[in-house]
Every structure is written in C-alpha cells, then in structure tokens.
$ cat model12.txt   # compact mmCIF, C-alpha atoms and all ligand atoms
# COMPACT_ATOMS: atom_id res chain seq x y z
CA MET S 1 -95.01 -20.30 182.33
CA PRO S 2 -92.55 -21.42 185.12
CA LYS S 3 -92.35 -19.07 188.10
CA THR S 4 -89.15 -17.14 188.73
CA PHE S 5 -87.78 -16.59 192.20
CA GLN S 6 -84.46 -15.16 193.31
CA VAL S 7 -82.44 -17.25 195.75
CA LEU S 8 -79.49 -15.74 197.62
CA ILE S 9 -76.75 -18.23 198.47
CA LEU S 10 -74.65 -17.55 201.56
CA ASN S 11 -71.65 -19.79 202.39
CA THR S 12 -70.92 -22.64 200.04
CA ILE S 13 -74.02 -24.71 199.37
CA SER S 14 -73.41 -28.00 197.53
CA LYS S 15 -73.97 -27.91 193.76
CA ARG S 16 -76.19 -30.99 193.92
CA GLY S 17 -78.51 -29.06 196.24
CA LEU S 18 -78.54 -25.98 194.03
CA ALA S 19 -79.39 -28.20 191.06
CA ARG S 20 -82.68 -29.04 192.82
CA LEU S 21 -83.84 -25.44 192.43
CA PRO S 22 -85.91 -24.99 189.25
CA ALA S 23 -83.93 -23.80 186.23
CA SER S 24 -86.16 -20.72 186.01
CA TYR S 25 -84.82 -19.38 189.38
CA VAL S 26 -82.11 -16.74 189.61
CA VAL S 27 -79.56 -18.21 192.04
CA GLY S 28 -76.37 -16.61 193.33
CA SER S 29 -74.39 -14.86 196.04
CA ASP S 30 -75.10 -11.41 194.59
CA VAL S 31 -78.90 -11.53 194.28
CA VAL S 32 -80.30 -8.17 195.41
CA GLN S 33 -83.99 -8.74 196.09
CA PRO S 34 -84.02 -12.35 197.23
CA ASP S 35 -87.24 -14.30 197.70
CA ALA S 36 -85.30 -16.94 199.62
CA ILE S 37 -81.92 -17.39 201.29
CA LEU S 38 -79.96 -20.64 201.54
CA VAL S 39 -77.34 -20.51 204.30
CA ARG S 40 -75.05 -22.91 206.14
CA SER S 41 -73.39 -21.46 209.24
CA ALA S 42 -73.09 -17.71 208.52
CA ASN S 43 -74.74 -15.67 211.25
CA LEU S 44 -77.84 -13.93 209.90
CA ARG S 45 -79.13 -10.89 211.75
CA GLU S 46 -82.75 -9.91 211.31
CA MET S 47 -81.73 -6.49 209.99
CA ASP S 48 -79.66 -8.17 207.24
CA ILE S 49 -82.62 -10.09 205.90
CA PRO S 50 -84.32 -8.06 203.16
CA ALA S 51 -88.09 -7.51 203.37
CA SER S 52 -88.45 -9.39 200.07
CA VAL S 53 -87.45 -12.70 201.72
CA LEU S 54 -90.26 -15.27 201.93
CA ALA S 55 -88.31 -18.29 203.21
CA ILE S 56 -84.91 -19.33 204.54
CA GLY S 57 -83.23 -22.71 204.19
CA ARG S 58 -80.53 -23.68 206.73
CA ALA S 59 -78.34 -26.44 205.27
CA GLY S 60 -77.85 -28.19 208.61
CA ALA S 61 -79.80 -29.29 211.67
CA GLY S 62 -79.34 -26.40 214.12
CA THR S 63 -80.82 -22.94 213.55
CA ASN S 64 -78.86 -20.95 216.17
CA ASN S 65 -77.38 -18.74 213.45
CA ILE S 66 -80.81 -17.53 212.31
CA PRO S 67 -83.27 -15.25 214.18
CA VAL S 68 -86.07 -17.81 213.85
CA LYS S 69 -88.44 -16.15 216.34
CA LYS S 70 -88.21 -12.73 214.71
CA LEU S 71 -88.66 -14.30 211.28
CA SER S 72 -91.74 -16.21 212.35
CA GLU S 73 -93.23 -12.88 213.52
CA ARG S 74 -92.64 -11.73 209.94
CA GLY S 75 -94.26 -14.93 208.64
CA VAL S 76 -91.00 -16.20 207.15
CA PRO S 77 -90.48 -19.95 207.66
CA VAL S 78 -86.98 -21.32 208.31
CA PHE S 79 -86.42 -24.79 206.88
CA ASN S 80 -83.62 -26.99 208.22
CA ALA S 81 -82.28 -30.45 207.44
CA PRO S 82 -82.66 -32.70 210.50
CA GLY S 83 -80.92 -36.04 210.10
CA ALA S 84 -79.32 -35.14 206.76
CA ASN S 85 -75.85 -34.93 208.31
CA ALA S 86 -76.41 -37.41 211.16
CA ASN S 87 -74.16 -40.11 209.72
CA ALA S 88 -71.24 -37.69 209.38
CA VAL S 89 -71.56 -36.60 213.01
CA LYS S 90 -71.96 -40.20 214.17
CA GLU S 91 -68.72 -41.23 212.45
CA LEU S 92 -66.78 -38.40 214.10
CA VAL S 93 -68.20 -39.27 217.52
CA ILE S 94 -67.02 -42.87 217.10
CA ALA S 95 -63.59 -41.60 215.99
CA GLY S 96 -63.53 -39.34 219.07
CA MET S 97 -64.40 -42.20 221.42
CA LEU S 98 -61.56 -44.25 219.95
CA MET S 99 -59.16 -41.31 220.23
CA GLY S 100 -60.04 -41.08 223.92
CA ALA S 101 -59.97 -44.83 224.64
CA ARG S 102 -56.70 -45.46 222.77
CA ASN S 103 -54.91 -42.37 224.12
CA LEU S 104 -54.31 -41.14 220.59
CA ILE S 105 -54.22 -37.48 221.63
CA PRO S 106 -51.20 -37.69 223.98
CA ALA S 107 -49.60 -40.35 221.77
CA ILE S 108 -49.68 -38.11 218.69
CA ARG S 109 -48.32 -35.17 220.69
CA PHE S 110 -45.57 -37.41 222.14
CA VAL S 111 -44.44 -38.61 218.70
CA GLU S 112 -44.38 -35.05 217.37
CA THR S 113 -41.72 -34.18 219.95
CA LEU S 114 -39.41 -37.09 219.05
CA THR S 115 -36.08 -36.59 217.31
CA GLY S 116 -32.86 -38.58 217.39
CA SER S 117 -31.10 -41.63 216.09
CA ASP S 118 -32.84 -44.88 215.08
CA GLU S 119 -31.81 -46.33 218.43
CA GLU S 120 -33.28 -43.38 220.35
CA MET S 121 -36.49 -43.56 218.28
CA HIS S 122 -36.77 -47.26 219.03
CA LYS S 123 -36.39 -46.64 222.77
CA ALA S 124 -38.99 -43.86 222.63
CA THR S 125 -41.38 -46.16 220.75
CA GLU S 126 -41.07 -48.79 223.47
CA ALA S 127 -41.69 -46.16 226.16
CA GLY S 128 -44.66 -44.67 224.30
CA LYS S 129 -46.22 -48.06 223.69
CA LYS S 130 -46.24 -48.64 227.42
CA ALA S 131 -47.25 -45.13 228.46
CA PHE S 132 -50.18 -44.85 226.03
CA ALA S 133 -51.71 -48.35 226.28
CA GLY S 134 -55.46 -47.86 225.96
CA SER S 135 -58.67 -49.80 226.45
CA GLU S 136 -61.28 -51.30 224.11
CA LEU S 137 -64.91 -50.33 223.64
CA PRO S 138 -66.90 -53.58 224.07
CA GLY S 139 -68.52 -53.83 227.49
CA ARG S 140 -67.99 -50.15 228.25
CA THR S 141 -70.91 -47.76 228.64
CA LEU S 142 -71.77 -44.84 226.39
CA GLY S 143 -74.11 -42.19 227.75
CA VAL S 144 -76.03 -40.32 225.05
CA ILE S 145 -77.73 -37.07 226.04
CA GLY S 146 -80.18 -36.15 223.29
CA LEU S 147 -81.75 -39.00 221.35
CA GLY S 148 -82.83 -37.33 218.12
CA ALA S 149 -81.59 -38.24 214.65
CA ILE S 150 -77.89 -38.02 215.58
CA GLY S 151 -78.06 -39.38 219.14
CA SER S 152 -80.04 -42.45 218.10
CA LEU S 153 -77.62 -43.19 215.23
CA VAL S 154 -74.66 -42.90 217.63
CA ALA S 155 -76.45 -45.21 220.10
CA ASP S 156 -77.01 -47.78 217.38
CA ALA S 157 -73.36 -47.68 216.23
CA ALA S 158 -72.09 -48.03 219.81
CA ILE S 159 -74.30 -51.09 220.38
CA LYS S 160 -72.92 -52.62 217.18
CA LEU S 161 -69.43 -52.06 218.59
CA GLY S 162 -70.38 -54.09 221.67
CA MET S 163 -70.96 -51.19 224.05
CA ASN S 164 -73.75 -50.71 226.56
CA VAL S 165 -75.74 -47.54 225.95
CA ILE S 166 -77.72 -45.43 228.37
CA GLY S 167 -79.58 -42.42 226.98
CA PHE S 168 -81.67 -39.48 228.08
CA ASP S 169 -83.76 -36.98 226.18
CA PRO S 170 -86.35 -34.83 227.92
CA ALA S 171 -88.05 -34.00 224.64
CA ILE S 172 -87.90 -37.21 222.66
CA THR S 173 -90.48 -37.48 219.89
CA VAL S 174 -92.53 -40.63 219.37
CA GLU S 175 -90.86 -41.08 215.98
CA ALA S 176 -87.37 -40.84 217.49
CA ALA S 177 -88.32 -43.24 220.29
CA TRP S 178 -89.37 -45.81 217.69
CA ARG S 179 -86.05 -45.40 215.88
CA LEU S 180 -84.05 -46.13 219.02
CA PRO S 181 -82.38 -49.53 219.26
CA ALA S 182 -84.21 -51.66 221.87
CA ARG S 183 -80.98 -52.17 223.81
CA VAL S 184 -80.65 -48.51 224.78
CA LYS S 185 -81.36 -48.17 228.49
CA LYS S 186 -83.66 -45.17 228.93
CA ALA S 187 -82.52 -42.95 231.81
CA ASN S 188 -84.79 -40.55 233.67
CA SER S 189 -82.28 -37.74 234.07
CA VAL S 190 -78.96 -36.32 232.91
CA GLU S 191 -77.53 -37.31 236.31
CA GLU S 192 -78.42 -40.96 235.79
CA VAL S 193 -76.50 -40.92 232.50
CA VAL S 194 -73.40 -39.12 233.75
CA LYS S 195 -73.06 -41.44 236.75
CA ALA S 196 -73.31 -44.61 234.67
CA ALA S 197 -71.19 -43.82 231.61
CA ASP S 198 -67.53 -44.25 230.66
CA PHE S 199 -68.09 -42.07 227.58
CA ILE S 200 -70.62 -39.22 227.37
CA THR S 201 -71.75 -37.72 224.08
CA LEU S 202 -74.04 -34.70 223.74
CA HIS S 203 -76.63 -34.29 220.99
CA VAL S 204 -78.94 -31.54 222.21
CA PRO S 205 -79.48 -28.04 220.78
CA LEU S 206 -78.20 -25.01 222.67
CA LEU S 207 -81.16 -23.61 224.62
CA ASP S 208 -81.43 -21.82 227.95
CA ALA S 209 -82.11 -25.24 229.48
CA THR S 210 -79.01 -26.85 227.95
CA ARG S 211 -76.46 -24.06 228.45
CA ASN S 212 -73.71 -25.45 230.73
CA LEU S 213 -75.62 -28.72 230.92
CA ILE S 214 -72.27 -30.34 231.67
CA ASN S 215 -71.00 -28.28 234.59
CA ALA S 216 -68.70 -28.79 237.60
CA GLU S 217 -71.45 -30.48 239.61
CA ARG S 218 -72.21 -33.05 236.91
CA ILE S 219 -68.52 -33.62 236.12
CA ALA S 220 -68.03 -34.43 239.82
CA MET S 221 -70.74 -37.14 239.50
CA MET S 222 -68.95 -38.86 236.60
CA GLN S 223 -66.78 -41.92 236.89
CA PRO S 224 -63.11 -40.93 237.21
CA GLY S 225 -61.55 -41.11 233.74
CA THR S 226 -64.69 -40.38 231.70
CA VAL S 227 -64.31 -39.38 228.05
CA LEU S 228 -66.54 -36.39 227.20
CA LEU S 229 -67.58 -35.56 223.64
CA ASN S 230 -69.32 -32.39 222.50
CA PHE S 231 -70.17 -32.52 218.80
CA ALA S 232 -73.39 -30.54 219.36
CA ARG S 233 -73.11 -26.86 220.24
CA GLU S 234 -70.62 -24.59 221.96
CA GLY S 235 -71.93 -23.58 225.41
CA ILE S 236 -73.44 -26.95 226.35
CA VAL S 237 -70.26 -27.77 228.27
CA ASP S 238 -68.82 -25.35 230.81
CA ASN S 239 -65.27 -25.41 229.45
CA ALA S 240 -63.70 -24.09 232.67
CA ALA S 241 -65.31 -26.98 234.56
CA ALA S 242 -64.11 -29.41 231.88
CA LEU S 243 -60.56 -28.11 232.24
CA ALA S 244 -60.73 -28.57 236.03
CA GLY S 245 -62.14 -32.07 235.44
CA LEU S 246 -59.21 -32.93 233.15
CA GLN S 247 -56.71 -31.62 235.69
CA SER S 248 -58.25 -33.65 238.52
CA GLY S 249 -58.47 -36.83 236.40
CA GLN S 250 -62.26 -36.90 236.58
CA LEU S 251 -62.15 -36.51 232.78
CA HIS S 252 -59.68 -38.62 230.83
CA ALA S 253 -60.27 -36.82 227.51
CA TYR S 254 -62.45 -34.08 226.08
CA LEU S 255 -63.30 -34.05 222.39
CA ASN S 256 -64.79 -30.65 221.63
CA ASP S 257 -65.96 -29.73 218.12
CA PHE S 258 -65.20 -26.03 218.70
CA PRO S 259 -62.00 -24.04 219.13
CA ALA S 260 -61.54 -22.83 222.74
CA ASN S 261 -58.48 -20.79 223.66
CA ALA S 262 -58.16 -22.00 227.21
CA LEU S 263 -58.49 -25.65 226.25
CA GLN S 264 -57.09 -26.50 222.88
CA ARG S 265 -53.47 -27.11 223.90
CA GLN S 266 -54.31 -28.93 227.12
CA PRO S 267 -53.37 -32.59 227.60
CA GLY S 268 -56.27 -34.89 226.80
CA VAL S 269 -58.09 -32.27 224.74
CA VAL S 270 -58.92 -32.17 221.04
CA CYS S 271 -60.68 -29.07 219.76
CA LEU S 272 -61.91 -29.07 216.17
CA PRO S 273 -63.31 -26.35 213.87
CA HIS S 274 -66.88 -27.73 213.98
CA LEU S 275 -66.14 -30.66 211.68
CA GLY S 276 -69.02 -32.93 212.74
CA ALA S 277 -71.11 -32.33 209.64
CA SER S 278 -68.23 -31.47 207.32
CA THR S 279 -68.26 -34.25 204.76
CA GLY S 280 -69.11 -33.91 201.08
CA GLU S 281 -71.95 -36.38 201.55
CA ALA S 282 -73.54 -34.53 204.48
CA GLU S 283 -73.20 -31.17 202.74
CA GLU S 284 -74.98 -32.60 199.69
CA ASN S 285 -77.74 -34.22 201.74
CA CYS S 286 -78.43 -31.02 203.67
CA ALA S 287 -78.38 -28.81 200.57
CA VAL S 288 -80.73 -31.13 198.67
CA MET S 289 -83.17 -31.31 201.60
CA VAL S 290 -83.41 -27.55 202.12
CA ALA S 291 -83.46 -26.70 198.40
CA GLU S 292 -86.42 -29.06 197.94
CA GLN S 293 -88.28 -27.67 200.95
CA VAL S 294 -87.74 -24.03 199.97
CA THR S 295 -88.86 -24.77 196.40
CA ASP S 296 -91.95 -26.59 197.62
CA TYR S 297 -92.80 -23.59 199.79
CA LEU S 298 -92.23 -21.00 197.08
CA GLU S 299 -94.12 -23.01 194.47
CA ASN S 300 -96.93 -24.54 196.51
CA GLY S 301 -96.87 -22.93 199.97
CA ASN S 302 -96.07 -26.27 201.61
CA ILE S 303 -94.38 -26.23 205.01
CA LEU S 304 -93.06 -29.67 205.88
CA ASN S 305 -90.16 -29.02 208.18
CA ALA S 306 -89.92 -25.45 209.39
C1 LIG K 401 -75.76 -28.60 212.12
O1 LIG K 401 -76.43 -27.90 212.87
O2 LIG K 401 -76.27 -29.55 211.50
C2 LIG K 401 -74.30 -28.28 211.87
O3 LIG K 401 -73.92 -27.18 212.62
C3 LIG K 401 -74.10 -28.13 210.42
C4 LIG K 401 -72.86 -27.40 209.98
O4 LIG K 401 -71.73 -27.76 210.31
O5 LIG K 401 -73.01 -26.43 209.23
$ encode --input "model12.txt" --output "structure tokens"
Amino acid sequence: MPKTFQVLILNTISKRGLARLPASYVVGSDVVQPDAILVRSANLREMDIPASVLAIGRAGAGTNNIPVKKLSERGVPVFNAPGANANAVKELVIAGMLMGARNLIPAIRFVETLTGSDEEMHKATEAGKKAFAGSELPGRTLGVIGLGAIGSLVADAAIKLGMNVIGFDPAITVEAAWRLPARVKKANSVEEVVKAADFITLHVPLLDATRNLINAERIAMMQPGTVLLNFAREGIVDNAAALAGLQSGQLHAYLNDFPANALQRQPGVVCLPHLGASTGEAEENCAVMVAEQVTDYLENGNILNA
C-alpha cells in the first residue's frame, strides 16, 4: 500500500516539480496538517510551521527565508536546490555586465525622454550615439566573489567571452574547486579581487561575515568606473556606499537584483525585483530537485542535501 503524506505548497511551485511527488500524496495550498512544506521565497516563521511538519523543501539555493537553525533543533531537515537555477542567474549577470559596459541604462533613459520631429529625433540619435559609446568585454577583468555553483558558471561564461577572471571564496568546497575553469586566477582576499577587477559580481550567501561585504572602504579600493553586480542577496552591498561610489565615479554602474528606494532612480543604477532565478527552466529545475529530495526523505529517511 503506497504511503500518504500531506504536502503544503506555498508560493507557486512548478507543476513539473509537483508531478514528482507520488500520486498517493495530498498536495495543495490548503493542507491543514502538513508532513512537508514546499516553499520558494515566502518568509516562514518558526511559529507558522505546524508541529506535524517533518521536512521542508526550499525551491531555490538560499535558505534565508526559513528558520533553519530552529528547525534543525526540532529535527526537521530543510532541503534546497543548489545549482538548479545557476544558469538563469549566470545569464542575468552577463546581461548586467553588458548593460554596464554598453551604457544601456542611461541610453534607455535618454531615449525615453525624447520627443519631436524626425529631424529632432535624428539629431538626438547622433548625440546619444556619441554620449553613450561603451566598451567591449574581451580583455577586461571580472572579479567573482563566491565560487560555488553560480560563481563558477559565471566565471566560465566570462572566460568564454574573452575576459580575464579573478575569483575569491573563503569557503570553497573541493568539488567546486574542481569545477572551476583553470584560467580563473585564485585571489587570497576580497581586497585582491576588488582592486583588480573592472566588473565585480557577488555570489555569496548573506551571513554575518558577508553583510556589507562591499562597503565604502572596499569601493574606494576599486578601479574608477567599476561595474558592480549583486545578484546574490540584499545586504551584501552597503547601498549608501554604492550610491556615494556612483556619485564620485568610482562606480560606473550598479546592477542590483533588489528594489532599493534610495537607489532605483539614480543614474547608472538598475534595480530588479529579484529576477536572477526567475525563468521557467530554473523554477522547474528547483521544484523537481526539492520534490525528489523531500519524497526520498519521507519515504526512505534519506538526507542528501539538507
Ligand atoms: C535562490 O536562493 O536560489 C533564489 O533566491 C531563488 C528565488 O528567486 O526564489
């Protein structure tokens, strides 16, 4: 007789992932006594997690929205999906680098203000073409801070685009080190990366040690005109310091995957509603990975990636 478990679904979890749960399970957003919860980015408080819950699946890499420590005291494993959305994030980082290098942010804003006759539009086009001339990626240096699944994929893509890559990760695993392209120069500190790079991309979790990792002091060490990209977590960049860096010209552009009131209308800034992992493909990959892990735990007690 197949076992029956109840699985509470919070947020939208891809149908392909839900289809990996055994047909005998009761699955839905209105399950009352759940044995497991599948969640994307909704914030879960410990008090909201019923005592019946045996496991939680987070359809993404980070687990900041889940009280992991408290749950482990209760013996509840939290499964995540490292690497399952890495390609989606990588593609947006490359798009962000190009937006910065080709001055697409001010150029788009400039065109949005244009009105007038064909002749006036033509004149404005000529002026814009000159004002927003950019630069190309080959030969320029990308600094990658955090060389896990996403950081190493970004490093690989940048090398394929002809860039030099320097990377740092204080906690790199042996497996991740093996995955890294040989041409990545391994730095010994964050400082070494920020001094050397024309573009800096962050791929670390938000921890006490990484909060405000990019601060005024480190922005001052950067090359004038650096493009900074944060597609990791809010809080890793000190946004006030980034704004000062943009105003002084130390930063040329700041691509930030989070809304930020003080920043989002500033020249050189793009703020996004955390779109890094938002592709249909990534959502499916994450949902499939966590649905399989949660099922394996409920059925067999296996813990592969908690
Ligand atoms: C992640 O941690 O992988 C992302 O935050 C996923 C998401 O956008 O939900």
$ closest_residue --input "model12.txt" --among "S:Val32, S:Leu18, S:Ala55, S:Val227" --to "Val270 in chain S" --atoms "only C-alpha atoms"
S:Val227
$ atom_distance --input "model12.txt" --atom1 "CA of Ala95 in chain S" --atom2 "CA of Val290 in chain S"
28.0 Å
$ atom_distance --input "model12.txt" --atom1 "CA of Asp169 in chain S" --atom2 "CA of Ile145 in chain S"
6.0 Å
$ closest_atom_pairs --input "model12.txt" --of "chain S" --to "ligand LIG 401 (chain K)" --cutoff "8 Å" --atoms "all atoms listed in the file" --output "JSON lines"
{"residue": "S:Arg40", "atom": "CA", "partner": "K:LIG401", "partner_atom": "O5", "distance": 5.1}
{"residue": "S:Ser41", "atom": "CA", "partner": "K:LIG401", "partner_atom": "O5", "distance": 5.0}
{"residue": "S:Ala59", "atom": "CA", "partner": "K:LIG401", "partner_atom": "O5", "distance": 6.6}
{"residue": "S:Gly60", "atom": "CA", "partner": "K:LIG401", "partner_atom": "O2", "distance": 3.6}
{"residue": "S:Ala61", "atom": "CA", "partner": "K:LIG401", "partner_atom": "O2", "distance": 3.5}
{"residue": "S:Gly62", "atom": "CA", "partner": "K:LIG401", "partner_atom": "O1", "distance": 3.5}
{"residue": "S:Thr63", "atom": "CA", "partner": "K:LIG401", "partner_atom": "O1", "distance": 6.7}
{"residue": "S:Ala81", "atom": "CA", "partner": "K:LIG401", "partner_atom": "O2", "distance": 7.3}
{"residue": "S:Pro82", "atom": "CA", "partner": "K:LIG401", "partner_atom": "O2", "distance": 7.2}
{"residue": "S:Ala84", "atom": "CA", "partner": "K:LIG401", "partner_atom": "O2", "distance": 7.9}
{"residue": "S:Asn85", "atom": "CA", "partner": "K:LIG401", "partner_atom": "O2", "distance": 6.3}
{"residue": "S:Ala86", "atom": "CA", "partner": "K:LIG401", "partner_atom": "O2", "distance": 7.9}
{"residue": "S:Ala232", "atom": "CA", "partner": "K:LIG401", "partner_atom": "O3", "distance": 7.5}
{"residue": "S:Arg233", "atom": "CA", "partner": "K:LIG401", "partner_atom": "O3", "distance": 7.7}
{"residue": "S:His274", "atom": "CA", "partner": "K:LIG401", "partner_atom": "O4", "distance": 6.1}
{"residue": "S:Leu275", "atom": "CA", "partner": "K:LIG401", "partner_atom": "O4", "distance": 6.4}
{"residue": "S:Gly276", "atom": "CA", "partner": "K:LIG401", "partner_atom": "O4", "distance": 6.3}
{"residue": "S:Ala277", "atom": "CA", "partner": "K:LIG401", "partner_atom": "O4", "distance": 4.7}
{"residue": "S:Ser278", "atom": "CA", "partner": "K:LIG401", "partner_atom": "O4", "distance": 5.9}
$ residues_around --input "model12.txt" --residues "range 106-114 of chain S" --least-positions-apart "4" --cutoff "9 Å" --atoms "all atoms listed in the file" --output "PyMOL selection string"
chain S and resi 102+120-121+124-125+128-129+131-132+267-269
$ atom_distance --input "model12.txt" --atom1 "CA of Pro2 in chain S" --atom2 "CA of Met289 in chain S"
21.4 Å
$ residues_around --input "model12.txt" --residues "Phe5 in chain S" --least-positions-apart "2" --cutoff "9 Å" --atoms "all atoms listed in the file" --output "PDB file with C-alpha atoms, in the frame of the given file"
ATOM      1  CA  LYS S   3     -92.350 -19.070 188.100  1.00  0.00           C
ATOM      2  CA  VAL S   7     -82.440 -17.250 195.750  1.00  0.00           C
ATOM      3  CA  SER S  24     -86.160 -20.720 186.010  1.00  0.00           C
ATOM      4  CA  TYR S  25     -84.820 -19.380 189.380  1.00  0.00           C
ATOM      5  CA  VAL S  26     -82.110 -16.740 189.610  1.00  0.00           C
ATOM      6  CA  VAL S  27     -79.560 -18.210 192.040  1.00  0.00           C
ATOM      7  CA  PRO S  34     -84.020 -12.350 197.230  1.00  0.00           C
ATOM      8  CA  ASP S  35     -87.240 -14.300 197.700  1.00  0.00           C
ATOM      9  CA  ALA S  36     -85.300 -16.940 199.620  1.00  0.00           C
ATOM     10  CA  LEU S 298     -92.230 -21.000 197.080  1.00  0.00           C
TER      11      LEU S 298
END
$ closest_residue --input "model12.txt" --among "S:Asp198, S:Glu284, S:Asp156, S:Asp296" --to "Pro181 in chain S" --atoms "only C-alpha atoms"
S:Asp156
$ closest_residue --input "model12.txt" --among "S:Asn239, S:Ser248, S:Asn87, S:Asn65" --to "Gly280 in chain S" --atoms "all atoms listed in the file"
S:Asn87
$ closest_residue --input "model12.txt" --among "S:Asn188, S:Ser135, S:Met221, S:Ile303" --to "Leu104 in chain S" --atoms "only C-alpha atoms"
S:Ser135
$ closest_residue --input "model12.txt" --among "S:Ile166, S:Asn11, S:Met97, S:Arg20" --to "Asn43 in chain S" --atoms "only C-alpha atoms"
S:Asn11
$ closest_atom_pairs --input "model12.txt" --of "range 87-195 of chain S" --to "range 254-263 of chain S" --cutoff "10 Å" --atoms "all atoms listed in the file" --output "CSV"
residue,atom,partner,partner_atom,distance
S:Leu92,CA,S:Asp257,CA,9.6
S:Val93,CA,S:Leu255,CA,8.7
S:Ala95,CA,S:Leu255,CA,9.9
S:Gly96,CA,S:Leu255,CA,6.2
S:Met97,CA,S:Leu255,CA,8.3
S:Met99,CA,S:Leu255,CA,8.6
S:Gly100,CA,S:Tyr254,CA,7.7
S:Ile105,CA,S:Leu255,CA,9.7
$ write_last_selection --input "model12.txt" --atoms "C-alpha atoms" --output "PDB file, in the coordinates of the input"
ATOM      1  CA  LEU S  92     -66.780 -38.400 214.100  1.00  0.00           C
ATOM      2  CA  VAL S  93     -68.200 -39.270 217.520  1.00  0.00           C
ATOM      3  CA  ALA S  95     -63.590 -41.600 215.990  1.00  0.00           C
ATOM      4  CA  GLY S  96     -63.530 -39.340 219.070  1.00  0.00           C
ATOM      5  CA  MET S  97     -64.400 -42.200 221.420  1.00  0.00           C
ATOM      6  CA  MET S  99     -59.160 -41.310 220.230  1.00  0.00           C
ATOM      7  CA  GLY S 100     -60.040 -41.080 223.920  1.00  0.00           C
ATOM      8  CA  ILE S 105     -54.220 -37.480 221.630  1.00  0.00           C
TER       9      ILE S 105
END
$ residues_around --input "model12.txt" --residues "Arg183 in chain S" --least-positions-apart "4" --cutoff "8 Å" --atoms "all atoms listed in the file" --output "list in words"
Ile159, Asn164 and Val165 of chain S
$ closest_residue --input "model12.txt" --among "S:Met47, S:Leu54, S:Val204, S:Ala176" --to "Lys70 in chain S" --atoms "all atoms listed in the file"
S:Met47
